[in-house]
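Structure data follow from input.cif (mmCIF, C-alpha atoms):
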```cif
data_input
#
loop_
_atom_site.label_atom_id
_atom_site.label_comp_id
_atom_site.auth_asym_id
_atom_site.auth_seq_id
_atom_site.Cartn_x
_atom_site.Cartn_y
_atom_site.Cartn_z
CA MET A 22 30.58 23.51 42.13
CA LYS A 23 27.40 22.29 40.55
CA ALA A 24 27.44 18.76 39.20
CA ASN A 25 26.95 19.66 35.57
CA GLU A 26 29.41 22.53 35.49
CA VAL A 27 32.45 21.90 33.35
CA PHE A 28 35.49 21.45 35.51
CA ASP A 29 38.11 23.89 34.30
CA ASP A 30 41.46 22.88 35.73
CA ALA A 31 43.51 25.17 33.51
CA ALA A 32 43.30 27.98 36.02
CA MET A 33 44.18 25.79 39.00
CA SER A 34 47.62 24.94 40.31
CA ASP A 35 48.60 21.44 41.47
CA LYS A 36 48.32 22.60 45.09
CA GLU A 37 44.82 23.88 44.44
CA LEU A 38 43.77 20.59 42.87
CA GLU A 39 45.17 18.70 45.86
CA ALA A 40 43.29 20.98 48.23
CA LEU A 41 40.13 20.28 46.28
CA LEU A 42 40.65 16.55 46.74
CA ARG A 43 41.04 17.06 50.51
CA LEU A 44 37.78 18.95 50.48
CA GLU A 45 36.11 16.13 48.56
CA LEU A 46 36.76 13.77 51.45
CA ASP A 47 34.02 15.54 53.41
CA ARG A 48 31.75 16.17 50.49
CA GLU A 49 30.49 13.75 47.90
CA ASP A 50 30.85 14.42 44.23
CA PRO A 51 32.32 11.28 42.65
CA ALA A 52 32.40 12.83 39.18
CA LEU A 53 34.42 15.81 40.39
CA THR A 54 36.79 13.55 42.32
CA LEU A 55 37.58 11.55 39.20
CA GLN A 56 37.99 14.67 37.08
CA VAL A 57 40.44 16.18 39.54
CA LEU A 58 42.35 12.89 39.75
CA GLU A 59 42.59 12.68 35.98
CA SER A 60 43.89 16.21 35.84
CA LEU A 61 46.48 15.62 38.55
CA SER A 62 47.59 12.36 36.94
CA ARG A 63 48.22 14.19 33.65
CA ARG A 64 50.29 16.82 35.41
CA GLN A 65 52.14 14.40 37.67
CA PRO A 66 52.54 11.28 35.56
CA GLU A 67 53.63 8.04 37.09
CA LYS A 68 57.35 7.44 37.26
CA PRO A 69 58.51 4.39 35.28
CA GLY A 70 58.12 1.26 37.37
CA GLU A 71 56.42 3.05 40.26
CA ALA A 72 53.25 0.97 40.30
CA GLU A 73 55.16 -2.27 39.69
CA ALA A 74 57.46 -1.54 42.65
CA ALA A 75 54.44 -0.76 44.81
CA TRP A 76 52.84 -4.04 43.74
CA GLN A 77 56.00 -5.92 44.82
CA ARG A 78 55.78 -4.25 48.24
CA PHE A 79 52.07 -5.13 48.37
CA GLU A 80 52.77 -8.79 47.71
CA THR A 81 55.72 -8.89 50.12
CA HIS A 82 54.36 -7.00 53.10
CA TYR A 83 50.58 -6.80 52.86
CA LEU A 84 49.65 -10.27 51.70
CA PRO A 85 48.40 -12.32 53.26
CA LEU A 86 47.08 -10.06 56.00
CA GLU A 87 44.55 -11.49 58.42
CA GLU A 88 42.61 -8.29 57.97
CA PRO A 89 43.24 -4.87 56.48
CA LEU A 90 44.84 -2.16 58.62
CA TYR A 91 41.72 0.00 58.38
CA SER A 92 38.13 -0.74 57.59
CA GLY A 93 36.94 0.20 54.13
CA GLU A 94 33.39 0.56 55.34
CA ALA A 95 33.57 3.40 57.81
CA GLU A 96 30.34 5.07 56.90
CA ARG A 97 28.87 3.33 53.93
CA PRO A 98 29.08 -0.30 52.90
CA ALA A 99 31.03 -0.61 49.65
CA ARG A 100 28.07 -1.82 47.69
CA ARG A 101 26.89 -1.18 44.27
CA ARG A 102 24.83 1.99 44.15
CA LYS A 103 22.85 3.56 41.40
CA ARG A 104 24.61 6.81 40.71
CA ILE A 105 21.73 8.46 38.96
CA TRP A 106 20.30 11.46 40.75
CA LEU A 107 16.60 11.32 39.95
CA ARG A 108 15.59 14.69 38.62
CA VAL A 109 12.33 14.83 40.46
CA VAL A 110 11.64 16.29 43.85
CA SER A 111 9.47 13.91 45.76
CA LEU A 112 6.12 15.00 47.08
CA ALA A 113 7.30 14.14 50.55
CA ALA A 114 10.18 16.54 50.14
CA VAL A 115 7.83 19.28 49.03
CA PHE A 116 5.65 18.59 52.06
CA ALA A 117 8.64 18.71 54.39
CA LEU A 118 9.67 21.93 52.71
CA ALA A 119 6.24 23.42 53.27
CA VAL A 120 6.17 22.27 56.89
CA GLY A 121 9.60 23.70 57.43
CA LEU A 122 8.56 27.06 56.02
CA LEU A 123 5.39 27.14 58.12
CA VAL A 124 7.24 26.24 61.29
CA VAL A 125 9.94 28.80 60.80
CA GLN A 126 7.63 31.56 59.64
CA ALA A 127 5.29 30.89 62.56
CA GLY A 128 8.19 31.60 64.84
CA GLY A 129 8.77 34.92 63.21
CA SER A 130 12.24 34.01 61.95
CA ASN A 131 13.51 34.63 58.50
CA PRO A 132 12.69 31.74 56.22
CA VAL A 133 15.50 29.19 55.96
CA THR A 134 17.20 28.97 52.61
CA ARG A 135 18.08 25.29 52.90
CA PHE A 136 15.40 22.77 52.13
CA ALA A 137 15.42 19.04 52.62
CA ARG A 138 15.28 17.12 49.38
CA TRP A 139 15.60 13.45 48.76
CA THR A 140 15.24 10.72 46.22
CA THR A 141 15.39 6.96 46.60
CA ASP A 142 19.13 7.01 47.16
CA ARG A 143 20.22 10.54 48.11
CA PHE A 144 19.31 13.17 50.70
CA THR A 145 20.52 16.75 50.94
CA PHE A 146 19.68 20.16 52.31
CA GLY A 147 19.72 22.04 49.03
CA GLN A 148 19.56 25.70 48.20
CA THR A 149 16.42 27.84 47.91
CA ASP A 150 15.13 26.61 44.61
CA LEU A 151 13.39 23.31 44.39
CA LEU A 152 15.06 21.83 41.35
CA PRO A 153 18.21 19.77 41.80
CA ALA A 154 21.37 21.54 40.72
CA GLU A 155 21.84 19.20 37.76
CA GLU A 156 18.71 20.62 36.15
CA LYS A 157 20.39 23.92 35.56
CA GLU A 158 22.71 24.65 32.72
CA SER A 159 25.84 26.57 33.34
CA GLU A 160 27.01 28.90 30.64
CA THR A 161 30.49 29.39 31.91
CA ALA A 162 32.88 27.12 33.65
CA THR A 163 33.83 28.66 36.94
CA PRO A 164 36.58 27.25 39.10
CA PRO A 165 35.37 26.51 42.62
CA GLN A 166 35.60 29.60 44.79
CA ASN A 167 36.46 29.68 48.47
CA LEU A 168 36.88 25.93 48.50
CA LEU A 169 40.60 25.88 49.03
CA SER A 170 41.79 25.11 52.46
CA GLU A 171 44.02 27.65 54.15
CA SER A 172 44.57 25.47 57.17
CA SER A 173 42.83 22.15 57.61
CA GLU A 174 44.98 20.57 60.30
CA PRO A 175 42.59 18.83 62.70
CA ILE A 176 42.24 20.34 66.18
CA PRO A 177 41.75 17.46 68.64
CA CYS A 178 39.21 18.09 71.39
CA ALA A 179 38.79 16.31 74.70
CA SER A 180 35.02 16.23 74.57
CA LEU A 181 32.03 16.86 72.36
CA GLU A 182 31.35 20.00 74.38
CA ASP A 183 34.84 21.31 73.63
CA ALA A 184 34.43 20.56 69.95
CA VAL A 185 31.09 22.36 69.81
CA GLU A 186 32.65 25.32 71.57
CA GLU A 187 35.62 25.31 69.16
CA LEU A 188 33.14 25.37 66.32
CA GLY A 189 31.39 28.36 67.90
CA LEU A 190 27.97 26.73 68.02
CA GLU A 191 25.12 27.15 70.46
CA GLY A 192 21.96 25.14 70.68
CA HIS A 193 20.71 21.67 71.42
CA LEU A 194 23.82 19.77 70.41
CA ILE A 195 25.00 17.74 73.40
CA PRO A 196 23.19 14.48 74.16
CA THR A 197 22.56 13.39 77.72
CA TRP A 198 21.81 9.82 76.67
CA LEU A 199 23.69 7.30 74.57
CA PRO A 200 23.24 3.54 74.32
CA GLU A 201 24.99 1.67 77.12
CA GLY A 202 28.71 1.23 76.87
CA TYR A 203 29.48 4.01 74.37
CA VAL A 204 32.29 6.36 75.31
CA LEU A 205 33.99 9.14 73.43
CA GLU A 206 36.80 7.81 71.25
CA SER A 207 37.81 11.00 69.49
CA ALA A 208 36.63 14.49 68.69
CA GLU A 209 38.23 17.00 66.36
CA VAL A 210 37.47 20.20 64.52
CA ARG A 211 38.79 21.35 61.16
CA HIS A 212 38.62 24.94 59.98
CA MET A 213 38.58 25.05 56.20
CA ALA A 214 38.20 28.04 53.91
CA GLY A 215 34.46 28.52 53.71
CA PHE A 216 33.33 26.19 56.46
CA SER A 217 34.31 24.48 59.70
CA THR A 218 33.42 20.95 60.62
CA MET A 219 33.46 18.81 63.72
CA TYR A 220 33.56 15.03 64.04
CA ALA A 221 33.11 13.14 67.29
CA TYR A 222 33.14 9.35 67.48
CA TYR A 223 31.74 7.25 70.30
CA THR A 224 32.54 3.55 70.52
CA ILE A 225 32.20 0.62 72.89
CA PRO A 226 35.80 -0.24 73.82
CA GLY A 227 37.04 -3.25 71.91
CA GLU A 228 34.12 -3.24 69.51
CA GLU A 229 33.70 -1.99 65.95
CA PRO A 230 30.35 -0.14 65.88
CA PHE A 231 30.51 3.60 66.39
CA ILE A 232 28.17 6.58 66.73
CA ARG A 233 29.36 9.61 64.80
CA PHE A 234 28.41 13.22 65.46
CA ARG A 235 29.12 15.60 62.59
CA TYR A 236 28.38 19.31 62.79
CA CYS A 237 29.32 21.52 59.86
CA ARG A 238 29.08 25.31 59.91
CA ASP A 239 29.46 27.53 56.84
CA HIS A 240 31.38 30.71 57.39
CA PRO A 241 29.43 33.97 57.00
CA GLY A 242 29.73 35.30 53.50
CA SER A 243 30.92 32.03 52.01
CA SER A 244 29.00 30.40 49.20
CA GLY A 245 28.58 27.41 51.51
CA GLY A 246 28.12 23.86 50.41
CA VAL A 247 25.90 20.87 50.95
CA SER A 248 26.39 17.39 52.18
CA ILE A 249 24.82 14.60 50.21
CA HIS A 250 23.79 11.60 52.27
CA GLU A 251 23.50 8.23 50.62
CA LYS A 252 20.41 6.34 51.69
CA ASP A 253 18.45 3.26 50.80
CA ASP A 254 14.78 3.23 49.89
CA THR A 255 13.52 3.11 53.48
CA PRO A 256 11.12 6.06 53.79
CA VAL A 257 12.61 9.18 55.32
CA GLU A 258 11.00 9.94 58.68
CA VAL A 259 10.51 13.58 59.63
CA TYR A 260 10.38 14.34 63.34
CA GLU A 261 9.69 17.79 64.71
CA ARG A 262 11.04 18.96 68.03
CA ASP A 263 10.76 22.55 69.23
CA GLY A 264 10.50 23.90 65.72
CA THR A 265 13.41 21.92 64.30
CA LEU A 266 12.83 19.23 61.72
CA TYR A 267 14.92 16.07 62.16
CA TYR A 268 15.20 13.77 59.16
CA PHE A 269 15.86 10.10 59.88
CA LEU A 270 17.56 8.17 57.06
CA SER A 271 18.60 4.57 56.61
CA ASN A 272 21.46 3.22 54.53
CA GLU A 273 21.72 -0.55 54.61
CA GLY A 274 21.97 -0.87 58.36
CA PHE A 275 23.50 2.54 59.01
CA GLU A 276 20.95 4.87 60.62
CA ALA A 277 21.39 8.62 60.54
CA VAL A 278 19.50 11.72 61.55
CA THR A 279 20.27 15.09 60.03
CA TRP A 280 18.94 18.59 60.63
CA MET A 281 19.71 22.24 60.07
CA LEU A 282 20.58 23.98 63.34
CA ASP A 283 20.33 27.31 61.54
CA ASP A 284 20.75 28.49 57.99
CA MET A 285 24.50 27.97 58.13
CA THR A 286 24.89 24.83 60.20
CA GLU A 287 24.12 21.28 59.19
CA CYS A 288 24.21 18.56 61.82
CA SER A 289 24.04 14.80 61.70
CA ILE A 290 24.32 11.83 64.02
CA GLY A 291 24.76 8.34 62.62
CA GLY A 292 25.73 4.80 63.44
CA GLU A 293 24.79 1.13 63.30
CA LEU A 294 22.09 1.36 65.91
CA PRO A 295 18.31 1.09 65.97
CA ARG A 296 16.44 4.14 64.80
CA GLU A 297 14.65 4.17 68.14
CA ASP A 298 17.98 4.72 69.90
CA LEU A 299 18.79 7.54 67.52
CA ARG A 300 15.48 9.16 68.35
CA LYS A 301 16.26 8.90 72.06
CA ILE A 302 19.61 10.58 71.43
CA VAL A 303 17.85 13.42 69.63
CA ASP A 304 15.35 13.84 72.47
CA SER A 305 18.19 13.87 74.98
CA LEU A 306 19.69 16.90 73.20
CA TYR A 307 16.88 18.86 74.83
CA ASP A 308 17.50 17.66 78.37
CA THR A 309 19.09 20.40 80.40
CA MET B 17 34.40 -19.47 39.52
CA GLN B 18 37.70 -17.91 38.69
CA THR B 19 40.80 -19.59 39.89
CA GLU B 20 42.85 -17.86 42.51
CA GLU B 21 45.56 -17.36 39.93
CA LYS B 22 43.19 -15.63 37.54
CA GLN B 23 41.80 -13.44 40.31
CA ARG B 24 45.30 -12.40 41.30
CA GLU B 25 46.10 -11.54 37.70
CA LEU B 26 43.00 -9.39 37.36
CA LEU B 27 43.72 -7.65 40.64
CA LYS B 28 47.29 -6.96 39.62
CA LYS B 29 46.12 -5.48 36.34
CA LEU B 30 43.68 -3.20 38.15
CA TYR B 31 46.38 -2.35 40.66
CA LEU B 32 48.91 -1.31 38.03
CA GLU B 33 46.31 0.75 36.16
CA SER B 34 44.92 2.63 39.14
CA TYR B 35 47.72 2.75 41.72
CA HIS B 36 49.07 6.12 40.67
CA SER B 37 45.72 7.96 40.73
CA LEU B 38 44.84 6.48 44.09
CA PHE B 39 48.27 7.37 45.44
CA LEU B 40 47.86 10.99 44.31
CA TYR B 41 44.50 11.18 46.08
CA ALA B 42 45.82 9.68 49.28
CA ARG B 43 48.88 11.93 49.22
CA SER B 44 46.71 15.01 48.74
CA VAL B 45 44.79 14.13 51.90
CA LEU B 46 47.56 12.76 54.09
CA GLN B 47 50.39 15.00 52.84
CA ASP B 48 52.85 12.16 53.29
CA PRO B 49 53.95 9.66 50.63
CA SER B 50 54.54 6.75 53.04
CA LEU B 51 51.15 7.12 54.65
CA ALA B 52 49.62 7.60 51.20
CA GLU B 53 51.05 4.32 50.00
CA GLU B 54 49.81 2.64 53.19
CA ALA B 55 46.28 3.87 52.46
CA VAL B 56 46.40 2.59 48.89
CA GLN B 57 47.87 -0.77 49.90
CA ASP B 58 45.16 -1.16 52.51
CA THR B 59 42.52 -0.32 49.93
CA PHE B 60 43.77 -3.16 47.78
CA CYS B 61 43.83 -5.47 50.82
CA ILE B 62 40.15 -4.74 51.16
CA ALA B 63 39.74 -5.35 47.44
CA CYS B 64 41.35 -8.77 47.91
CA VAL B 65 38.85 -9.62 50.61
CA LYS B 66 35.89 -8.24 48.66
CA GLN B 67 36.78 -9.29 45.14
CA GLU B 68 33.26 -10.37 44.36
CA GLN B 69 31.86 -7.01 45.40
CA LEU B 70 34.52 -5.25 43.38
CA ALA B 71 33.74 -7.33 40.31
CA ALA B 72 29.99 -6.82 40.72
CA SER B 73 30.30 -3.05 41.10
CA GLY B 74 30.52 -2.44 37.37
CA ASN B 75 32.90 0.42 38.09
CA PRO B 76 36.03 -0.99 39.73
CA VAL B 77 37.89 2.32 39.74
CA GLY B 78 34.94 4.11 41.32
CA TRP B 79 34.68 1.33 43.90
CA LEU B 80 38.37 1.66 44.71
CA VAL B 81 38.13 5.44 45.05
CA GLN B 82 35.15 5.14 47.40
CA THR B 83 36.91 2.47 49.46
CA LEU B 84 40.05 4.60 49.60
CA LYS B 85 37.98 7.53 50.89
CA ASN B 86 36.66 5.33 53.70
CA VAL B 87 40.18 4.09 54.47
CA LEU B 88 41.45 7.69 54.60
CA ARG B 89 38.65 8.72 56.95
CA ASN B 90 39.36 5.72 59.16
CA MET B 91 43.08 6.43 59.15
CA GLU B 92 42.44 9.96 60.31
CA ARG B 93 39.93 8.78 62.89
CA SER B 94 42.31 6.15 64.20
CA HIS B 95 45.16 8.62 64.34
CA SER B 96 43.00 11.15 66.10
CA SER B 97 41.90 8.51 68.59
CA LEU B 98 45.48 7.51 69.39
CA TYR B 99 46.41 11.17 69.72
CA SER B 100 43.51 11.64 72.17
CA PHE B 101 44.80 8.73 74.24
CA MET B 102 48.24 10.26 74.38
CA ARG B 103 46.77 13.62 75.29
CA THR B 104 44.54 12.04 77.94
CA ALA B 105 47.57 10.26 79.34
CA VAL B 106 49.28 13.63 79.68
CA LEU B 107 46.33 15.02 81.64
CA TYR B 108 46.09 11.82 83.68
CA ASP B 109 49.23 12.60 85.60
CA ASP B 110 48.87 15.82 87.59
CA THR B 111 52.60 16.36 87.85
CA VAL B 112 52.88 16.41 84.09
CA LEU B 113 50.47 19.28 83.66
CA LYS B 114 52.98 21.62 85.12
CA GLU B 115 55.74 20.54 82.81
CA SER B 116 56.51 21.50 79.25
CA ARG B 117 54.47 19.77 76.62
CA GLU B 118 57.33 19.68 74.13
CA ASP B 119 57.86 16.36 72.48
CA ALA B 120 61.33 16.10 73.98
CA ASN B 121 59.77 15.84 77.44
CA VAL B 122 57.06 13.45 76.44
CA ASP B 123 59.48 10.60 77.14
CA LEU B 124 59.05 11.31 80.83
CA LEU B 125 55.31 11.06 80.74
CA TYR B 126 54.65 7.43 80.03
CA GLY B 127 56.91 5.59 82.42
CA ASP B 128 54.05 4.28 84.49
CA LEU B 129 51.67 3.65 81.63
CA LEU B 130 53.59 1.81 78.93
CA PRO B 131 56.82 -0.14 78.51
CA GLU B 132 59.43 1.97 76.79
CA GLU B 133 59.32 -0.06 73.60
CA ASP B 134 55.56 0.35 73.31
CA PHE B 135 55.77 4.03 74.03
CA ARG B 136 58.40 4.45 71.32
CA LEU B 137 56.19 2.69 68.80
CA LEU B 138 53.20 4.85 69.72
CA LYS B 139 55.32 7.95 69.39
CA ARG B 140 56.47 6.90 65.92
CA ILE B 141 52.95 6.26 64.70
CA VAL B 142 51.13 9.15 66.39
CA LEU B 143 53.59 12.01 66.73
CA GLU B 144 56.07 11.27 63.97
CA ARG B 145 53.47 10.01 61.48
CA TYR B 146 55.31 6.84 60.52
CA SER B 147 53.39 4.39 58.41
CA TYR B 148 52.87 0.97 59.98
CA LEU B 149 55.32 -0.45 57.44
CA GLU B 150 58.03 2.06 58.35
CA ALA B 151 57.54 1.35 62.06
CA ALA B 152 57.56 -2.41 61.41
CA GLU B 153 60.81 -2.19 59.45
CA GLU B 154 62.44 -0.16 62.20
CA LEU B 155 61.46 -2.72 64.79
CA GLY B 156 62.34 -5.64 62.56
CA ILE B 157 58.88 -7.18 62.76
CA SER B 158 56.18 -7.93 60.22
CA LEU B 159 53.50 -5.42 59.29
CA GLU B 160 50.87 -7.69 60.83
CA ALA B 161 52.78 -7.93 64.12
CA CYS B 162 53.18 -4.15 64.18
CA ARG B 163 49.49 -3.57 63.63
CA LYS B 164 48.57 -6.01 66.42
CA ARG B 165 51.07 -4.44 68.78
CA VAL B 166 49.54 -0.99 68.30
CA GLN B 167 46.06 -2.44 68.90
CA ARG B 168 47.28 -3.99 72.15
CA ILE B 169 48.91 -0.72 73.21
CA LYS B 170 45.65 1.12 72.59
CA GLN B 171 43.73 -1.48 74.60
CA ARG B 172 46.23 -1.26 77.45
CA LEU B 173 45.99 2.54 77.54
CA ARG B 174 42.21 2.30 77.58
CA GLU B 175 42.33 -0.02 80.58
CA LYS B 176 44.88 2.07 82.45
CA LEU B 177 43.07 5.33 81.81
CA GLY B 178 39.87 3.81 83.06
CA GLU B 179 37.86 4.19 79.83
#
```
Would you mind writing the file out in structure tokens?
Amino acid sequence: MKANEVFDDAAMSDKELEALLRLELDREDPALTLQVLESLSRRQPEKPGEAEAAWQRFETHYLPLEEPLYSGEAERPARRRKRIWLRVVSLAAVFALAVGLLVVQAGGSNPVTRFARWTTDRFTFGQTDLLPAEEKESETATPPQNLLSESSEPIPCASLEDAVEELGLEGHLIPTWLPEGYVLESAEVRHMAGFSTMYAYYTIPGEEPFIRFRYCRDHPGSSGGVSIHEKDDTPVEVYERDGTLYYFLSNEGFEAVTWMLDDMTECSIGGELPREDLRKIVDSLYDT
Amino acid sequence: MQTEEKQRELLKKLYLESYHSLFLYARSVLQDPSLAEEAVQDTFCIACVKQEQLAASGNPVGWLVQTLKNVLRNMERSHSSLYSFMRTAVLYDDTVLKESREDANVDLLYGDLLPEEDFRLLKRIVLERYSYLEAAEELGISLEACRKRVQRIKQRLREKLGE
């Protein structure tokens, strides 16, 4: 759903709205999230005294906790962010676009239809046209298609290799080098309607920092979707390896690299580690 | 600088106004009301710790929704990690591979790895999807003690499985 499309919930059931919220966990559209929540709250109003009873339980059982049960800063620090998407495509993005086209066309492949675009605080692999989606006006409100999950139960995997195989991917996706001490903590795949996604987390036992691998493949024939990465104003670094463009992003101490494996598959690796280590991980994807 | 009393009042006001929406979001993702409440309560725990950030955000509800999203992702990651440990423990013992993987038989699998009480707690959290509060109430311990016990169990499994 494009950001400036009117969200029409009249045609959607409660189950469909809930499925949309589950989908929003992997994608980032804060405005849509709030709209869906407002709609659900109208349809399923709070029972009298519900929040007050929950507050009593909060005071009784959760305070004072030494620390919360789960971190609230898994991927992005909870800091104030400008939420304005600048409606200009940077020159750097245009250059990267041009380089990408040249590289792919030189190889004789069909041109990719996803182009890297970024502003001071967002990065995405958008669709073919250069203008951000918000620039366009939508004449009709269309409920999201193919976004509803048929089955999104996670499939645990024993290794990154297993997860990549479950996702049906081939290519340079398995690193042979990671910073010392990191071991696989978990890997899982989810098959949603329209796309499948894989998460693998590596950690140093007993420590908080993690390295996250995320590979997301659109299903053939689906309208697909995009991930929007939050970033700070550190310049995006473009690194080419064997015809693939790797984009290195920073977000207040969280370093990430993202690339398109093919026209349907977006990949990213991220964590609180030096960019140099991330580059070494990318290079190790090509070790056989 | 606001007094602690004033801060608590403001937090309670925000809590009462936004609890239901946050609960609906969490329940949509987790498909379980107990776990959904746990996610929302934990989000407000984080809000307690980061009250200045929350106040400075200019959009407290948006901040809470974003924090809840991170909590939900971490809950799923933590659950997945514990599930992987249990699964690895199954593969660790060669004799187990030949046996049925039904939950009813899983009681036989952990005799050498965990004390029975710890195994039962892990089973509640991982396989039966209890919230930490539900598990704590069953055991008659505090939420904090339950959380720490699960952390210790995870650490012990890591050591025993050689990771």
One residue among A:Ala74, A:Leu61, A:Ile176, A:Leu84 is nearest to Glu160 (chain B) when using only C-alpha atoms, and that residue is A:Leu84
Would you mind reading off the distance between CA of Met219 (chain A) and CA of Tyr99 (chain B), one decimal, in Å? 16.2 Å
For Leu55 (chain A), find every residue with an atom within 10 Å (counting only C-alpha atoms), except residues of its own chain fewer than 2 positions away, and show them as a ChimeraX atom specification. /A:42,50-53,57-61 /B:37,41,77-78,81
For a quick check of understanding, using all atoms listed in the file, which of A:Gly93, A:Pro85, A:Gly215, A:Pro69 has the smallest distance to Leu80 (chain B)?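 Closest candidate: A:Gly93.
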Find the distance between CA of Gly192 (chain A) and CA of Thr286 (chain A) and write it in Å to one decimal.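 Computed distance, CA of Gly192 (chain A) to CA of Thr286 (chain A), equals 10.9 Å.
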Looking at all atoms listed in the file, which of A:Glu174, A:Asp308, A:Asp47, A:Glu67 is the one that sits closest to Arg235 (chain A)?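 Using all atoms listed in the file, Arg235 (chain A) sits closest to A:Asp47.
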Answer key for the PyMOL selection byres ((chain A and resi 216) around 7), residues as an NGL selection string: :A and (212-215 or 217-218 or 238-240 or 245)
Writer output for current selection, C-alpha atoms, as a compact mmCIF listing (two decimals), in the frame of the given file:
```txt
# COMPACT_ATOMS: atom_id res chain seq x y z
CA HIS A 212 38.62 24.94 59.98
CA MET A 213 38.58 25.05 56.20
CA ALA A 214 38.20 28.04 53.91
CA GLY A 215 34.46 28.52 53.71
CA SER A 217 34.31 24.48 59.70
CA THR A 218 33.42 20.95 60.62
CA ARG A 238 29.08 25.31 59.91
CA ASP A 239 29.46 27.53 56.84
CA HIS A 240 31.38 30.71 57.39
CA GLY A 245 28.58 27.41 51.51
```
